[in-house]
Amino acid sequence: MNSPLDGLNPDQARAVTSPAKRLLVLAGAGSGKTFVITRRILHLVASGSARPEQVLAITFTRNAAREMARRLGESPENSPSGPRYNVRTFHSLCYLILRKHWRLILERPFRLVTDSATESRKTAPELRGVSTKSELLLEAIRSLFSEPDFRIAFKRYLWDYQISAEESDRFGGGYDPRPQRYLTLAGERVRSYAERDIANWLRENGISYLYRNLAQWSSPSFSPDFYLPATDTYLEVWEFGRGNPIERQNRLAQYRARDKRLIEVYRDELLDFPAVEKRLAGALPEFFPQGVESLSAGDLDELESASAGYPEALKGFLSLAEEILDRMKNHSITPEQIEERLKMEKHARSRSFYALFLRIHERYQTLLTREGALDFNELILKTVELFETHPDLRERYRSRWRHVLVDEYQDVNTPQVLLLKQLAGPENSLTCVGDDWQSIYGFRGSDVSHILEFEKAFQSCEVVPLRVNYRNSTPVVAFANLSVRKCHAFRDKPSIALKEGGRPIVLFRARHLYEDGVGYVAARVRELTEEEGFDPAEVLILYRRNSSFRLLGEALRDSGLKVRHETIHAAKGLEARAVILWALTGGKGGFPSIWDEGRIVRLLLPGDRNRRLDEERRIFYVALTRSLERLYLVSEQHNPSPFLENVPEKYFAGSALSAPGPTAREIRSCRKCGAALPSDYRFCPYCFEGLERLK
């Protein structure tokens, strides 16, 4: 690179060289967001408008900050012995400012509680060793777990709302076709979490058992859940309730007629495991000669355990609790306001969640106070308060950083915008680069309205759209654009694929997602990796939530197929030659995923359903635009995602729109600027010759 302007297309050049004091660069997927912001920084220095130390660049993750610093380090102005650019995350920036000036606003040194997302603990080297918000919430839950009413309510919530609906026994204790897919501590597979709890307890107490072993004396024959040979004892786990299904009554009659020793355990009892294990120990005195007083008082450790508990369910609860914490902070909502709104709430899951959450929140705040801790939102708000109450200090920082640039602006929350208003005074320049179509972190407190209403917050600004999508094929760009433009609120902007044609999008409508849908994905993965030469790392399976991937993941592992798989949120920023978007179904557990958790969030922000649905559409857009060459969508014939309804068939395989491009990439010359162009380029990316005819 001889100049920061080398290789820029006309849109990028306009953004890089703009003299505007307030600049918003609207950058679509694959349009070079970080490339533009980096080049703008280099241009500011190369043109003499700024020295490196006068530039402050803000990102959201340490990895992004490191990558930006690496790109800036290619500039001769940033030599190892010279001044350095200031590239920080929001949180590391505020941490360093408060660490230096805390005496002006706090009574004692503070400890930081970070978010629990992977990157959050990497916002700065100095943050190592601090607690995460998730860990502190878990500590609050642990401190409440000795209370039986809380323990029962918490486990019931996990079973009823976080664990798959397939968990319940719908078969009345008779023929049960559920697969044995829950792994016990002994390494065997059972049919449910309830059975796994019992199997693990038996093993931990050294009690040998046979699982689902045919009772030779039974007629008609059946297989008891557990048989304890040492004491000739049977143990049945009734998961369907305390009623009188005919099959259960027939089985009990056989036990009585043959005078068999039987212990019955009901699913509801397992909600309070310490109580049920004392009952079991009392019913099996042969194995507990010392009595039952020494048994454990709580089982939170087991709920966290991958081999004995419900780590995914617990993680889901903590994620939702973190979202509620953030929204309370960002919108100044008090626990008292929540309690008042709950009086009118009819949704059972919402009532159950907040009954737990309010107790956890109170204990969480006590822990924060006791440890002198600040969470991420408080860290930023305290920095804002510092600048508001000490304007002389604020002016020192404004004079130090004359140019402030923010990457991924679509992910900002209200405290972060307040901070930017403090940093960017009338004499400072502010450049924000972002894409509202990729704003998907509402659960972390980000608010898409900040980029939608940028001109209101920062008046007299220039808005520059980046129109060219260098990443995705024409069919993917067309379908993704169609989908995101169905949002209730969005900033319309042109997004045009550079490359002609491309493989068609394939939509597979399974008869049943977890039957032929699973088989279809396995076949496509095998086809791509074994027949077409794709590296497994070049195939990416995306899904909205972890629970929808569980059965598919097991099937792929059983087939010996190793591919990348991620939730869509985790995959933001990634790309792959082939993307398979799994579980595009409707209803509960489908995509969009707003049916239950959305009610919980809406209690905080009434009328928020459209905002939630818009975010789900943006999540869909992000998933679609991870694809470089192939895109497969997997749905169900009779239960499609609403995102697939009323979509013309031309967007999928076999349509003219998705016709493959040229097989050989011949080189031609641009008739305007003479640049060498591959034959599948729809226009010249250097001078935009031919772009106008595509609008």
# chains A, B, ... in the order shown; residues from 1 in each chain; ligands from 1
>>> residues_around(residues="Val237 in chain A", least_positions_apart="3", cutoff="8 Å", atoms="only C-alpha atoms", output="list of chain:residue names")
A:Ala194, A:Glu195, A:Asp225, A:Glu264, A:Val265, A:Tyr266, A:Arg267
>>> residues_around(residues="range 286-292 of chain A", least_positions_apart="6", cutoff="9 Å", atoms="only C-alpha atoms", output="MDAnalysis selection string")
chainID A and resid 205:207 231 277:279
>>> residues_around(residues="Cys461 in chain A", least_positions_apart="5", cutoff="12 Å", atoms="only C-alpha atoms", output="ChimeraX atom specification")
/A:18-25,429-432,453-456
>>> closest_residue(among="A:Leu584, A:Ile324, A:Leu540, A:Leu8", to="Phe443 in chain A", atoms="only C-alpha atoms")
A:Ile324
>>> closest_residue(among="A:Asp232, A:Glu649, A:Glu135, A:Asp558", to="Glu322 in chain A", atoms="only C-alpha atoms")
A:Glu135
>>> closest_atom_pairs(of="range 280-383 of chain A", to="range 604-619 of chain A", cutoff="9 Å", atoms="only C-alpha atoms", output="tab-separated table")
residue	atom	partner	partner_atom	distance
A:Ile324	CA	A:Leu604	CA	8.0
A:Arg327	CA	A:Leu604	CA	7.7
A:Met328	CA	A:Leu604	CA	7.6
A:His331	CA	A:Leu605	CA	8.8
A:Ile333	CA	A:Leu604	CA	7.5
A:Gln337	CA	A:Leu604	CA	8.7
A:Ile338	CA	A:Leu604	CA	7.0
A:Arg341	CA	A:Leu604	CA	8.4
>>> write_last_selection(atoms="N, CA and C atoms", output="PDB file, in the first residue's frame")
ATOM      1  N   ILE A 324     -32.026  -9.406  30.995  1.00  0.00           N
ATOM      2  CA  ILE A 324     -32.936  -8.613  31.813  1.00  0.00           C
ATOM      3  C   ILE A 324     -32.160  -7.617  32.672  1.00  0.00           C
ATOM      4  N   ARG A 327     -31.156  -4.735  30.383  1.00  0.00           N
ATOM      5  CA  ARG A 327     -32.278  -3.873  29.988  1.00  0.00           C
ATOM      6  C   ARG A 327     -32.780  -3.046  31.170  1.00  0.00           C
ATOM      7  N   MET A 328     -32.759  -3.621  32.352  1.00  0.00           N
ATOM      8  CA  MET A 328     -33.116  -2.836  33.530  1.00  0.00           C
ATOM      9  C   MET A 328     -32.168  -1.649  33.682  1.00  0.00           C
ATOM     10  N   HIS A 331     -32.574   0.986  30.737  1.00  0.00           N
ATOM     11  CA  HIS A 331     -33.849   1.702  30.690  1.00  0.00           C
ATOM     12  C   HIS A 331     -34.323   2.161  32.073  1.00  0.00           C
ATOM     13  N   ILE A 333     -35.119   0.654  34.890  1.00  0.00           N
ATOM     14  CA  ILE A 333     -36.292  -0.062  35.398  1.00  0.00           C
ATOM     15  C   ILE A 333     -35.945  -0.666  36.754  1.00  0.00           C
ATOM     16  N   GLN A 337     -40.900  -1.702  39.948  1.00  0.00           N
ATOM     17  CA  GLN A 337     -41.710  -1.565  38.739  1.00  0.00           C
ATOM     18  C   GLN A 337     -42.046  -2.926  38.147  1.00  0.00           C
ATOM     19  N   ILE A 338     -41.097  -3.839  38.195  1.00  0.00           N
ATOM     20  CA  ILE A 338     -41.342  -5.195  37.688  1.00  0.00           C
ATOM     21  C   ILE A 338     -42.420  -5.879  38.523  1.00  0.00           C
ATOM     22  N   ARG A 341     -45.811  -4.622  37.526  1.00  0.00           N
ATOM     23  CA  ARG A 341     -46.274  -5.131  36.227  1.00  0.00           C
ATOM     24  C   ARG A 341     -46.657  -6.606  36.302  1.00  0.00           C
TER      25      ARG A 341
END
>>> residues_around(residues="Ala523 in chain A", least_positions_apart="4", cutoff="12 Å", atoms="only C-alpha atoms", output="list in words")
Asp516, Gly517, Val518, Gly519, Glu527, Leu528, Thr529, Glu530, Glu531, Ala555, Leu556, Ser559, Leu561 and Ile580 of chain A
>>> select_by_dssp(residues="range 149-376 of chain A", states="strand (DSSP E)", output="list in words")
Tyr182, Leu183, Arg189, Val190, Leu210, Tyr211, Phe226, Tyr227, Leu228, Thr233, Tyr234, Leu235, Glu236, Val237, Trp238, Arg261, Leu262, Ile263, Glu264, Val265, Tyr266, Ala373, Leu374 and Asp375 of chain A
>>> write_last_selection(atoms="N, CA and C atoms", output="CSV table (one decimal), in the first residue's frame")
chain,number,residue,atom,x,y,z
A,182,TYR,N,-29.6,-39.8,26.8
A,182,TYR,CA,-29.1,-39.0,27.9
A,182,TYR,C,-28.0,-39.8,28.6
A,183,LEU,N,-26.8,-39.4,28.5
A,183,LEU,CA,-25.6,-40.1,29.0
A,183,LEU,C,-25.5,-40.0,30.5
A,189,ARG,N,-26.8,-44.9,28.2
A,189,ARG,CA,-27.8,-43.9,27.7
A,189,ARG,C,-29.2,-44.3,28.3
A,190,VAL,N,-29.9,-43.3,28.8
A,190,VAL,CA,-31.2,-43.5,29.3
A,190,VAL,C,-32.1,-42.5,28.5
A,210,LEU,N,-29.7,-52.8,36.8
A,210,LEU,CA,-29.9,-53.1,35.4
A,210,LEU,C,-30.9,-52.1,34.9
A,211,TYR,N,-30.7,-51.5,33.8
A,211,TYR,CA,-31.6,-50.5,33.2
A,211,TYR,C,-32.4,-51.1,32.1
A,226,PHE,N,-35.6,-49.6,36.4
A,226,PHE,CA,-34.3,-50.1,37.1
A,226,PHE,C,-34.6,-51.3,37.9
A,227,TYR,N,-33.6,-52.2,37.9
A,227,TYR,CA,-33.7,-53.4,38.7
A,227,TYR,C,-32.4,-53.5,39.6
A,228,LEU,N,-32.6,-53.7,40.9
A,228,LEU,CA,-31.4,-53.8,41.8
A,228,LEU,C,-31.2,-55.2,42.2
A,233,THR,N,-34.9,-55.7,44.0
A,233,THR,CA,-35.8,-54.5,44.1
A,233,THR,C,-36.0,-53.8,42.8
A,234,TYR,N,-37.2,-53.4,42.5
A,234,TYR,CA,-37.5,-52.7,41.2
A,234,TYR,C,-37.7,-51.2,41.5
A,235,LEU,N,-37.3,-50.3,40.6
A,235,LEU,CA,-37.6,-48.9,40.8
A,235,LEU,C,-38.1,-48.3,39.5
A,236,GLU,N,-39.3,-47.8,39.6
A,236,GLU,CA,-40.0,-47.2,38.4
A,236,GLU,C,-40.0,-45.6,38.6
A,237,VAL,N,-39.7,-44.9,37.5
A,237,VAL,CA,-39.8,-43.5,37.5
A,237,VAL,C,-41.0,-43.1,36.7
A,238,TRP,N,-42.0,-42.6,37.4
A,238,TRP,CA,-43.3,-42.2,36.7
A,238,TRP,C,-43.2,-40.7,36.3
A,261,ARG,N,-40.8,-56.3,45.3
A,261,ARG,CA,-40.5,-55.1,46.0
A,261,ARG,C,-40.3,-54.0,45.0
A,262,LEU,N,-41.1,-52.9,45.2
A,262,LEU,CA,-41.1,-51.8,44.2
A,262,LEU,C,-41.0,-50.5,44.9
A,263,ILE,N,-40.1,-49.6,44.4
A,263,ILE,CA,-40.0,-48.2,44.8
A,263,ILE,C,-40.5,-47.3,43.6
A,264,GLU,N,-41.4,-46.5,43.9
A,264,GLU,CA,-41.9,-45.6,42.9
A,264,GLU,C,-41.4,-44.1,43.1
A,265,VAL,N,-40.9,-43.5,42.0
A,265,VAL,CA,-40.5,-42.1,42.1
A,265,VAL,C,-41.2,-41.3,41.0
A,266,TYR,N,-41.8,-40.2,41.5
A,266,TYR,CA,-42.5,-39.3,40.5
A,266,TYR,C,-41.6,-38.2,40.1
A,373,ALA,N,-17.9,-3.9,43.5
A,373,ALA,CA,-17.8,-4.3,42.1
A,373,ALA,C,-18.7,-3.4,41.2
A,374,LEU,N,-18.2,-3.3,39.9
A,374,LEU,CA,-19.0,-2.6,38.9
A,374,LEU,C,-19.2,-3.6,37.7
A,375,ASP,N,-20.4,-3.7,37.2
A,375,ASP,CA,-20.5,-4.5,36.0
A,375,ASP,C,-20.3,-3.6,34.8
>>> closest_residue(among="A:His390, A:Arg626, A:Lys133, A:Lys100", to="Leu112 in chain A", atoms="only C-alpha atoms")
A:Lys133
>>> residues_around(residues="Gln438 in chain A", least_positions_apart="4", cutoff="9 Å", atoms="only C-alpha atoms", output="count of residues only")
11
>>> decode(residues="range 13-62 of chain A", atoms="N, CA and C atoms", output="short mmCIF file (atom, residue, chain, number, x, y, z; two decimals), in the first residue's frame")
data_model
loop_
_atom_site.label_atom_id
_atom_site.label_comp_id
_atom_site.auth_asym_id
_atom_site.auth_seq_id
_atom_site.Cartn_x
_atom_site.Cartn_y
_atom_site.Cartn_z
N ALA A 13 -13.85 5.39 -0.95
CA ALA A 13 -13.02 6.60 -1.02
C ALA A 13 -13.77 7.80 -0.45
N ARG A 14 -15.06 7.89 -0.73
CA ARG A 14 -15.87 9.00 -0.19
C ARG A 14 -15.89 8.95 1.33
N ALA A 15 -16.04 7.74 1.90
CA ALA A 15 -16.07 7.59 3.35
C ALA A 15 -14.72 7.90 3.98
N VAL A 16 -13.66 7.45 3.34
CA VAL A 16 -12.31 7.64 3.88
C VAL A 16 -11.90 9.10 3.87
N THR A 17 -12.27 9.84 2.85
CA THR A 17 -11.79 11.22 2.68
C THR A 17 -12.78 12.28 3.13
N SER A 18 -13.95 11.89 3.60
CA SER A 18 -14.96 12.88 3.98
C SER A 18 -14.42 13.86 5.03
N PRO A 19 -14.65 15.16 4.84
CA PRO A 19 -14.21 16.15 5.83
C PRO A 19 -15.22 16.36 6.95
N ALA A 20 -16.33 15.62 6.94
CA ALA A 20 -17.42 15.85 7.89
C ALA A 20 -16.94 15.62 9.33
N LYS A 21 -17.40 16.49 10.24
CA LYS A 21 -17.11 16.32 11.66
C LYS A 21 -17.90 15.15 12.25
N ARG A 22 -19.07 14.88 11.68
CA ARG A 22 -19.91 13.76 12.10
C ARG A 22 -20.19 12.92 10.88
N LEU A 23 -19.74 11.67 10.90
CA LEU A 23 -19.84 10.80 9.72
C LEU A 23 -20.37 9.44 10.13
N LEU A 24 -21.41 8.97 9.44
CA LEU A 24 -21.92 7.61 9.61
C LEU A 24 -21.70 6.86 8.31
N VAL A 25 -20.95 5.78 8.38
CA VAL A 25 -20.72 4.92 7.22
C VAL A 25 -21.63 3.71 7.36
N LEU A 26 -22.64 3.62 6.49
CA LEU A 26 -23.58 2.49 6.50
C LEU A 26 -23.03 1.39 5.63
N ALA A 27 -22.54 0.34 6.26
CA ALA A 27 -21.82 -0.70 5.53
C ALA A 27 -22.58 -2.01 5.61
N GLY A 28 -22.99 -2.56 4.48
CA GLY A 28 -23.68 -3.84 4.46
C GLY A 28 -22.73 -5.00 4.63
N ALA A 29 -23.29 -6.20 4.64
CA ALA A 29 -22.47 -7.41 4.79
C ALA A 29 -21.47 -7.50 3.65
N GLY A 30 -20.22 -7.84 3.99
CA GLY A 30 -19.20 -8.06 2.98
C GLY A 30 -18.75 -6.82 2.24
N SER A 31 -18.98 -5.62 2.82
CA SER A 31 -18.65 -4.39 2.10
C SER A 31 -17.36 -3.73 2.59
N GLY A 32 -16.71 -4.31 3.59
CA GLY A 32 -15.43 -3.79 4.03
C GLY A 32 -15.50 -2.75 5.12
N LYS A 33 -16.25 -3.03 6.21
CA LYS A 33 -16.42 -2.04 7.28
C LYS A 33 -15.09 -1.70 7.95
N THR A 34 -14.41 -2.73 8.44
CA THR A 34 -13.15 -2.49 9.16
C THR A 34 -12.09 -1.94 8.22
N PHE A 35 -12.09 -2.39 6.98
CA PHE A 35 -11.16 -1.89 5.96
C PHE A 35 -11.31 -0.37 5.82
N VAL A 36 -12.55 0.12 5.77
CA VAL A 36 -12.79 1.55 5.58
C VAL A 36 -12.37 2.35 6.80
N ILE A 37 -12.71 1.89 7.99
CA ILE A 37 -12.37 2.66 9.18
C ILE A 37 -10.86 2.72 9.38
N THR A 38 -10.17 1.62 9.05
CA THR A 38 -8.72 1.62 9.16
C THR A 38 -8.09 2.59 8.16
N ARG A 39 -8.57 2.55 6.93
CA ARG A 39 -8.03 3.46 5.92
C ARG A 39 -8.34 4.92 6.25
N ARG A 40 -9.47 5.19 6.87
CA ARG A 40 -9.77 6.57 7.25
C ARG A 40 -8.78 7.07 8.30
N ILE A 41 -8.42 6.21 9.25
CA ILE A 41 -7.42 6.59 10.25
C ILE A 41 -6.08 6.88 9.58
N LEU A 42 -5.66 5.99 8.70
CA LEU A 42 -4.38 6.19 8.02
C LEU A 42 -4.39 7.44 7.15
N HIS A 43 -5.55 7.72 6.53
CA HIS A 43 -5.66 8.92 5.70
C HIS A 43 -5.58 10.19 6.56
N LEU A 44 -6.19 10.17 7.75
CA LEU A 44 -6.11 11.33 8.63
C LEU A 44 -4.66 11.67 8.96
N VAL A 45 -3.84 10.63 9.18
CA VAL A 45 -2.43 10.85 9.53
C VAL A 45 -1.63 11.23 8.29
N ALA A 46 -1.85 10.50 7.19
CA ALA A 46 -1.08 10.76 5.97
C ALA A 46 -1.35 12.15 5.42
N SER A 47 -2.57 12.66 5.59
CA SER A 47 -2.93 13.98 5.06
C SER A 47 -2.54 15.11 6.00
N GLY A 48 -2.01 14.78 7.16
CA GLY A 48 -1.61 15.80 8.11
C GLY A 48 -2.73 16.31 8.98
N SER A 49 -3.92 15.70 8.91
CA SER A 49 -5.06 16.14 9.72
C SER A 49 -4.94 15.71 11.18
N ALA A 50 -4.13 14.69 11.45
CA ALA A 50 -3.99 14.19 12.81
C ALA A 50 -2.65 13.50 12.99
N ARG A 51 -2.19 13.46 14.22
CA ARG A 51 -1.06 12.62 14.59
C ARG A 51 -1.62 11.32 15.16
N PRO A 52 -0.88 10.21 15.10
CA PRO A 52 -1.43 8.92 15.59
C PRO A 52 -1.98 8.99 17.01
N GLU A 53 -1.29 9.71 17.92
CA GLU A 53 -1.74 9.76 19.30
C GLU A 53 -3.01 10.58 19.50
N GLN A 54 -3.44 11.32 18.47
CA GLN A 54 -4.67 12.10 18.55
C GLN A 54 -5.89 11.30 18.09
N VAL A 55 -5.67 10.06 17.69
CA VAL A 55 -6.75 9.22 17.17
C VAL A 55 -7.15 8.19 18.23
N LEU A 56 -8.44 8.08 18.50
CA LEU A 56 -8.99 7.05 19.38
C LEU A 56 -9.95 6.19 18.56
N ALA A 57 -9.62 4.92 18.40
CA ALA A 57 -10.49 3.98 17.69
C ALA A 57 -11.09 3.02 18.72
N ILE A 58 -12.41 2.84 18.64
CA ILE A 58 -13.13 2.03 19.64
C ILE A 58 -13.79 0.85 18.94
N THR A 59 -13.57 -0.34 19.49
CA THR A 59 -14.17 -1.57 18.98
C THR A 59 -14.96 -2.23 20.11
N PHE A 60 -15.54 -3.40 19.83
CA PHE A 60 -16.32 -4.09 20.86
C PHE A 60 -15.59 -5.26 21.51
N THR A 61 -14.60 -5.82 20.83
CA THR A 61 -13.88 -6.96 21.40
C THR A 61 -12.39 -6.72 21.31
N ARG A 62 -11.66 -7.39 22.17
CA ARG A 62 -10.21 -7.25 22.16
C ARG A 62 -9.63 -7.79 20.86
#
